[in-house]
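*Asks:* As input, take entry_2.cif (mmCIF, C-alpha atoms and all ligand atoms):
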```
data_my_file
loop_
_atom_site.group_PDB
_atom_site.id
_atom_site.type_symbol
_atom_site.label_atom_id
_atom_site.label_comp_id
_atom_site.auth_asym_id
_atom_site.auth_seq_id
_atom_site.Cartn_x
_atom_site.Cartn_y
_atom_site.Cartn_z
ATOM 1 C CA MET A 1 50.559 86.734 -241.616
ATOM 2 C CA ALA A 2 53.859 87.157 -239.904
ATOM 3 C CA ILE A 3 56.618 84.754 -239.048
ATOM 4 C CA LEU A 4 58.093 85.618 -235.668
ATOM 5 C CA LYS A 5 61.733 85.235 -234.715
ATOM 6 C CA VAL A 6 62.341 82.198 -232.516
ATOM 7 C CA ALA A 7 64.533 82.614 -229.414
ATOM 8 C CA ARG A 8 67.272 80.012 -229.092
ATOM 9 C CA LEU A 9 68.576 78.410 -225.917
ATOM 10 C CA GLY A 10 70.739 80.924 -224.120
ATOM 11 C CA HIS A 11 68.298 83.812 -224.633
ATOM 12 C CA PRO A 12 67.137 84.862 -221.128
ATOM 13 C CA VAL A 13 63.460 85.045 -222.233
ATOM 14 C CA LEU A 14 63.391 81.224 -222.352
ATOM 15 C CA ARG A 15 64.315 81.087 -218.657
ATOM 16 C CA LYS A 16 61.746 83.611 -217.399
ATOM 17 C CA LYS A 17 58.491 82.623 -215.759
ATOM 18 C CA ALA A 18 55.777 83.772 -218.180
ATOM 19 C CA LYS A 19 53.064 86.104 -216.870
ATOM 20 C CA PRO A 20 49.367 85.146 -216.874
ATOM 21 C CA VAL A 21 47.253 86.807 -219.579
ATOM 22 C CA LYS A 22 44.414 89.092 -218.441
ATOM 23 C CA VAL A 23 41.063 87.739 -219.657
ATOM 24 C CA SER A 24 40.084 91.218 -220.937
ATOM 25 C CA GLU A 25 43.154 91.191 -223.204
ATOM 26 C CA ILE A 26 42.246 87.967 -225.049
ATOM 27 C CA ARG A 27 39.603 89.370 -227.414
ATOM 28 C CA THR A 28 41.602 92.432 -228.413
ATOM 29 C CA PRO A 29 42.688 92.594 -232.085
ATOM 30 C CA SER A 30 46.378 92.849 -231.158
ATOM 31 C CA PHE A 31 46.195 89.713 -228.992
ATOM 32 C CA GLN A 32 44.289 87.775 -231.690
ATOM 33 C CA LYS A 33 46.876 88.873 -234.255
ATOM 34 C CA PHE A 34 49.665 87.625 -231.967
ATOM 35 C CA ILE A 35 48.002 84.189 -231.679
ATOM 36 C CA GLU A 36 47.701 84.039 -235.500
ATOM 37 C CA ASP A 37 51.378 84.933 -235.800
ATOM 38 C CA MET A 38 52.296 82.202 -233.293
ATOM 39 C CA ILE A 39 50.342 79.655 -235.367
ATOM 40 C CA ASP A 40 51.986 80.864 -238.607
ATOM 41 C CA THR A 41 55.409 80.613 -236.961
ATOM 42 C CA MET A 42 54.726 77.081 -235.675
ATOM 43 C CA HIS A 43 53.642 76.038 -239.208
ATOM 44 C CA GLU A 44 56.618 77.729 -240.876
ATOM 45 C CA TYR A 45 59.134 75.777 -238.781
ATOM 46 C CA ASN A 46 57.124 72.508 -238.657
ATOM 47 C CA GLY A 47 56.822 72.704 -234.883
ATOM 48 C CA ALA A 48 54.359 70.472 -233.045
ATOM 49 C CA GLY A 49 53.814 73.407 -230.721
ATOM 50 C CA LEU A 50 55.071 76.828 -229.775
ATOM 51 C CA ALA A 51 55.072 78.786 -226.520
ATOM 52 C CA ALA A 52 55.018 82.600 -226.418
ATOM 53 C CA PRO A 53 58.407 82.911 -224.642
ATOM 54 C CA GLN A 54 59.928 81.171 -227.692
ATOM 55 C CA VAL A 55 58.964 84.235 -229.732
ATOM 56 C CA HIS A 56 60.257 86.641 -227.056
ATOM 57 C CA VAL A 57 56.889 87.273 -225.353
ATOM 58 C CA PRO A 58 56.927 86.140 -221.691
ATOM 59 C CA LYS A 59 53.185 85.471 -221.435
ATOM 60 C CA GLN A 60 51.329 82.223 -220.659
ATOM 61 C CA ILE A 61 50.236 81.309 -224.196
ATOM 62 C CA ALA A 62 50.935 78.099 -226.107
ATOM 63 C CA VAL A 63 49.714 76.648 -229.403
ATOM 64 C CA ILE A 64 49.816 72.982 -230.385
ATOM 65 C CA GLU A 65 48.913 71.298 -233.654
ATOM 66 C CA ILE A 66 50.089 68.186 -235.425
ATOM 67 C CA LYS A 67 48.965 67.553 -238.983
ATOM 68 C CA HIS A 68 51.466 65.577 -240.951
ATOM 69 C CA ASN A 69 54.704 66.740 -239.451
ATOM 70 C CA PRO A 70 57.959 65.836 -241.212
ATOM 71 C CA ARG A 71 59.811 66.457 -237.917
ATOM 72 C CA TYR A 72 57.586 63.837 -236.190
ATOM 73 C CA PRO A 73 56.430 61.446 -238.940
ATOM 74 C CA LYS A 74 55.103 58.830 -236.512
ATOM 75 C CA ALA A 75 53.151 61.226 -234.284
ATOM 76 C CA PRO A 76 49.337 61.058 -234.096
ATOM 77 C CA LYS A 77 47.331 64.003 -235.485
ATOM 78 C CA ILE A 78 46.335 66.657 -232.983
ATOM 79 C CA PRO A 79 43.904 69.455 -233.941
ATOM 80 C CA LEU A 80 44.929 73.078 -233.402
ATOM 81 C CA LEU A 81 44.725 74.030 -229.758
ATOM 82 C CA VAL A 82 45.350 77.446 -228.220
ATOM 83 C CA LEU A 83 46.061 77.387 -224.482
ATOM 84 C CA ILE A 84 46.109 80.498 -222.329
ATOM 85 C CA ASN A 85 47.127 80.406 -218.638
ATOM 86 C CA PRO A 86 47.250 76.575 -218.632
ATOM 87 C CA LYS A 87 47.456 74.529 -215.410
ATOM 88 C CA ILE A 88 48.512 70.877 -215.502
ATOM 89 C CA LYS A 89 47.061 68.140 -213.271
ATOM 90 C CA ILE A 90 48.757 64.759 -213.069
ATOM 91 C CA PRO A 91 46.192 62.010 -212.445
ATOM 92 C CA ALA A 92 48.814 59.232 -212.286
ATOM 93 C CA ARG A 93 52.552 59.474 -211.651
ATOM 94 C CA GLU A 94 53.479 57.003 -214.387
ATOM 95 C CA LYS A 95 56.064 58.267 -216.882
ATOM 96 C CA GLU A 96 57.470 57.110 -220.202
ATOM 97 C CA ALA A 97 60.455 58.329 -222.210
ATOM 98 C CA ASP A 98 60.250 59.295 -225.880
ATOM 99 C CA TRP A 99 61.995 61.561 -228.384
ATOM 100 C CA GLU A 100 61.538 65.335 -228.326
ATOM 101 C CA GLY A 101 63.016 68.280 -230.113
ATOM 102 C CA CYS A 102 62.508 72.000 -229.672
ATOM 103 C CA LEU A 103 62.549 74.929 -232.124
ATOM 104 C CA SER A 104 64.657 76.810 -229.551
ATOM 105 C CA ILE A 105 67.258 73.999 -229.513
ATOM 106 C CA PRO A 106 67.557 73.436 -233.274
ATOM 107 C CA ASP A 107 68.570 70.105 -234.791
ATOM 108 C CA MET A 108 68.853 68.222 -231.511
ATOM 109 C CA ARG A 109 66.802 65.404 -229.999
ATOM 110 C CA ALA A 110 66.663 63.540 -226.696
ATOM 111 C CA LYS A 111 64.540 60.888 -225.075
ATOM 112 C CA VAL A 112 62.617 62.746 -222.385
ATOM 113 C CA PRO A 113 60.622 61.166 -219.542
ATOM 114 C CA ARG A 114 57.101 62.639 -219.271
ATOM 115 C CA TYR A 115 53.862 61.775 -217.517
ATOM 116 C CA LYS A 116 51.812 59.395 -219.657
ATOM 117 C CA LYS A 117 48.488 61.067 -218.877
ATOM 118 C CA ILE A 118 47.662 64.625 -217.925
ATOM 119 C CA VAL A 119 44.687 66.950 -217.597
ATOM 120 C CA VAL A 120 45.070 70.613 -218.558
ATOM 121 C CA HIS A 121 42.766 73.444 -217.521
ATOM 122 C CA ALA A 122 43.174 76.609 -219.577
ATOM 123 C CA LEU A 123 41.408 79.373 -221.477
ATOM 124 C CA ASN A 124 41.027 79.166 -225.242
ATOM 125 C CA ASP A 125 41.484 81.979 -227.777
ATOM 126 C CA GLU A 126 37.947 83.230 -227.005
ATOM 127 C CA GLY A 127 38.689 83.397 -223.286
ATOM 128 C CA LYS A 128 36.509 80.362 -222.510
ATOM 129 C CA LYS A 129 37.531 77.734 -219.946
ATOM 130 C CA ILE A 130 38.567 74.443 -221.491
ATOM 131 C CA THR A 131 39.674 71.092 -220.097
ATOM 132 C CA VAL A 132 41.985 68.906 -222.156
ATOM 133 C CA ARG A 133 42.633 65.254 -221.293
ATOM 134 C CA ALA A 134 45.668 63.885 -223.058
ATOM 135 C CA SER A 135 47.849 60.822 -223.174
ATOM 136 C CA GLY A 136 50.872 59.649 -225.156
ATOM 137 C CA PHE A 137 52.448 62.064 -227.644
ATOM 138 C CA PHE A 138 49.694 64.654 -227.109
ATOM 139 C CA ALA A 139 50.364 64.677 -223.333
ATOM 140 C CA ARG A 140 54.089 64.947 -224.123
ATOM 141 C CA ALA A 141 53.592 67.937 -226.454
ATOM 142 C CA LEU A 142 51.465 69.694 -223.821
ATOM 143 C CA GLN A 143 54.024 69.115 -221.056
ATOM 144 C CA HIS A 144 56.806 70.376 -223.350
ATOM 145 C CA GLU A 145 54.991 73.627 -224.243
ATOM 146 C CA ILE A 146 53.675 74.301 -220.735
ATOM 147 C CA ASP A 147 57.210 73.784 -219.387
ATOM 148 C CA HIS A 148 58.308 76.725 -221.581
ATOM 149 C CA LEU A 149 55.842 78.936 -219.670
ATOM 150 C CA SER A 150 57.700 78.311 -216.428
ATOM 151 C CA GLY A 151 61.142 78.840 -217.970
ATOM 152 C CA HIS A 152 61.966 75.158 -218.531
ATOM 153 C CA VAL A 153 63.225 73.410 -221.650
ATOM 154 C CA TYR A 154 63.258 69.665 -222.276
ATOM 155 C CA VAL A 155 66.920 69.192 -221.374
ATOM 156 C CA ASP A 156 65.993 70.225 -217.792
ATOM 157 C CA ARG A 157 63.878 67.061 -217.595
ATOM 158 C CA LEU A 158 66.740 64.712 -218.446
ATOM 159 C CA SER A 159 68.419 62.650 -215.775
ATOM 160 C CA LYS A 160 72.134 61.926 -216.184
ATOM 161 C CA LYS A 161 71.165 58.625 -217.830
ATOM 162 C CA ASP A 162 68.580 60.253 -220.141
ATOM 163 C CA PHE A 163 71.228 62.775 -221.198
ATOM 164 C CA ARG A 164 73.121 59.984 -222.924
ATOM 165 C CA THR A 165 70.370 60.002 -225.590
ATOM 166 C CA PHE A 166 70.990 63.714 -226.421
ATOM 167 C CA THR A 167 71.841 63.669 -230.120
ATOM 168 C CA HIS A 168 72.158 65.794 -233.237
ATOM 169 C CA LEU A 169 69.306 65.354 -235.719
ATOM 170 C CA GLN A 170 71.481 63.791 -238.435
ATOM 171 C CA GLU A 171 72.862 61.194 -236.023
ATOM 172 C CA PHE A 172 69.328 60.638 -234.679
ATOM 173 C CA GLN A 173 68.157 59.810 -238.208
ATOM 174 C CA LYS A 174 71.166 57.621 -238.850
ATOM 175 C CA TYR A 175 71.393 55.648 -235.597
ATOM 176 C CA TRP A 176 68.170 55.980 -233.601
ATOM 177 C CA SER A 177 65.115 56.135 -235.860
HETATM 178 ZN ZN ZN B 201 60.252 73.740 -227.119
#
```
Can the structure from this file be put into structure tokens for me?
*Replies:*
Amino acid sequence: MAILKVARLGHPVLRKKAKPVKVSEIRTPSFQKFIEDMIDTMHEYNGAGLAAPQVHVPKQIAVIEIKHNPRYPKAPKIPLLVLINPKIKIPAREKEADWEGCLSIPDMRAKVPRYKKIVVHALNDEGKKITVRASGFFARALQHEIDHLSGHVYVDRLSKKDFRTFTHLQEFQKYWS
């Protein structure tokens, strides 16, 4: 078990386009160890997800899991999911705005517009093709993590009007939740 250091906004690695993972690499012990470390790191910081660039590795890997999460007490439970080289499809253009935070932008929140429903094609941690259909908070978490793989963070998705919801966590708890 290892807790990895999380890159904060301003570190160039968060703005790089992550490279696809070679299928032959997935089953190697060092790759499997890295995925375990990503999961441990996500748990340690109570993240709902983590993308490899957030731990200074510009590769297309993301993990998502929501048990009971004190950072998102109202969120539904989502079983552990490892996504490698994910591609998003948008079946309907409808969006909704809801609160998001990011381990790379500590102690901040904003109301971010995201597609309500998405379909994700990816490889899992065994290198097998998977298809994930998601809506609501799950779809939001996937869009957030997959955005990291193309060098985007949630504040990039805010319009000028949305930006007016950008708030420190303490003020979020006091005035918005
Ligand atoms: Zn994030």
*Asks:* Given the file shown, determine the residues that the PyMOL selection byres (((chain A and resi 46-51) around 6) and not hetatm) selects; report them as a list in words.
*Replies:*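 Selected by the PyMOL selection byres (((chain A and resi 46-51) around 6) and not hetatm) in this file: Met42, His43, Glu44, Tyr45, Ala52, Pro53, Gln54, Ile61, Ala62, Val63, Ile64, Glu65, Ile66 and Glu145 of chain A.
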*Asks:* Given the file shown, determine the residues that the PyMOL selection byres (((chain A and resi 177) around 12) and not hetatm) selects; report them as a list in words.
*Replies:*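 Evaluating the PyMOL selection byres (((chain A and resi 177) around 12) and not hetatm) on these coordinates yields Arg71, Tyr72, Pro73, Lys74, Asp98, Trp99, Arg109, Ala110, Lys111, Thr167, Leu169, Gln170, Glu171, Phe172, Gln173, Lys174, Tyr175 and Trp176 of chain A.
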*Asks:* Within 12 Å of region 25-38 of chain A, which residues of region 73-98 of chain A show up? Give each one with its shortest atom-to-atom distance in Å (one decimal) and the two atoms involved, counting all atoms listed in the file, rows by chain then rising residue number, as a tab-separated table.
*Replies:*
```
residue	atom	partner	partner_atom	distance
A:Leu80	CA	A:Glu36	CA	11.5
A:Leu81	CA	A:Ile35	CA	10.8
A:Val82	CA	A:Ile35	CA	8.0
A:Leu83	CA	A:Ile35	CA	10.1
A:Ile84	CA	A:Ile26	CA	8.8
A:Asn85	CA	A:Ile26	CA	11.0
```
*Asks:* As a short mmCIF file (atom, residue, chain, number, x, y, z; two decimals) with C-alpha atoms, keeping the file's coordinate frame, please: every protein or nucleic acid residue near ligand ZN 201 (chain B) (cut-off 10 Å, counting all atoms listed in the file).
*Replies:*
```cif
data_model
loop_
_atom_site.label_atom_id
_atom_site.label_comp_id
_atom_site.auth_asym_id
_atom_site.auth_seq_id
_atom_site.Cartn_x
_atom_site.Cartn_y
_atom_site.Cartn_z
CA ARG A 8 67.27 80.01 -229.09
CA LEU A 9 68.58 78.41 -225.92
CA LEU A 14 63.39 81.22 -222.35
CA GLY A 47 56.82 72.70 -234.88
CA ALA A 48 54.36 70.47 -233.04
CA GLY A 49 53.81 73.41 -230.72
CA LEU A 50 55.07 76.83 -229.78
CA ALA A 51 55.07 78.79 -226.52
CA PRO A 53 58.41 82.91 -224.64
CA GLN A 54 59.93 81.17 -227.69
CA GLU A 100 61.54 65.33 -228.33
CA GLY A 101 63.02 68.28 -230.11
CA CYS A 102 62.51 72.00 -229.67
CA LEU A 103 62.55 74.93 -232.12
CA SER A 104 64.66 76.81 -229.55
CA ILE A 105 67.26 74.00 -229.51
CA PRO A 106 67.56 73.44 -233.27
CA ALA A 141 53.59 67.94 -226.45
CA GLN A 143 54.02 69.11 -221.06
CA HIS A 144 56.81 70.38 -223.35
CA GLU A 145 54.99 73.63 -224.24
CA ILE A 146 53.68 74.30 -220.74
CA ASP A 147 57.21 73.78 -219.39
CA HIS A 148 58.31 76.72 -221.58
CA HIS A 152 61.97 75.16 -218.53
CA VAL A 153 63.22 73.41 -221.65
CA TYR A 154 63.26 69.67 -222.28
CA VAL A 155 66.92 69.19 -221.37
#
```
*Asks:* Carefully work through the PyMOL selection byres (((chain A and resi 159) around 12) and not hetatm) for this structure and note down the residues it includes, as a VMD selection string.
*Replies:* chain A and resid 97 110 to 114 154 to 158 160 to 166
*Asks:* By how many Å are CA of Ile78 (chain A) and CA of Ala134 (chain A) apart?
*Replies:* 10.3 Å
*Asks:* Quick check, in Å to one decimal: how far apart do CA of Met1 (chain A) and CA of Pro70 (chain A) lie?
*Replies:*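 Rounded to one decimal, the two atoms are 22.2 Å apart.
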*Asks:* (53.7, 60.1, -216.0) in this file's frame - what residues fall within 6 Å of it? Use all atoms listed in the file and give the answer as a list of chain:residue names.
*Replies:*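 Taken together, the residues in range are A:Arg93, A:Glu94, A:Lys95, A:Arg114, A:Tyr115, A:Lys116.
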*Asks:* As an exercise, work out the distance from CA of Gln60 (chain A) to CA of Glu126 (chain A) in Å and give it to one decimal place.
*Replies:* 14.8 Å
*Asks:* Using all atoms listed in the file, can you tell me which of A:Met108, A:Ile39, A:Val57, A:Leu142 comes closest to Lys89 (chain A)?
*Replies:* A:Leu142
*Asks:* Box in all listed atoms of region 151-170 of chain A, axis-aligned, with 6 Å more on each side; write out centre and edge lengths in Å to one decimal as JSON.
*Replies:*
```
{"center_x": 67.1, "center_y": 68.7, "center_z": -227.1, "size_x": 24.0, "size_y": 32.2, "size_z": 34.7}
```
*Asks:* So which residues fall inside 10 Å of (65.2, 89.8, -220.9) if we count only C-alpha atoms? Mind giving them as an MDAnalysis selection string?
*Replies:* chainID A and resid 11:16 56:58
*Asks:* Could you tell me which of A:Lys117, A:Lys87, A:Arg140, A:Lys22 comes closest to Ala75 (chain A) if we count all atoms listed in the file?
*Replies:*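 So, comparing all the options, the nearest one is A:Arg140.
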*Asks:* Using only C-alpha atoms, can you tell me which of A:Ala139, A:Ile90, A:Ala18, A:Ser24 comes closest to Asp125 (chain A)?
*Replies:*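 Of all the options, A:Ser24 lies closest to Asp125 (chain A).
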*Asks:* Which is closer to Gly127 (chain A) than all the others in A:Lys19, A:Pro86, A:Asp40, A:Lys67, using only C-alpha atoms?
*Replies:*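 Closest residue, counting only C-alpha atoms: A:Pro86.
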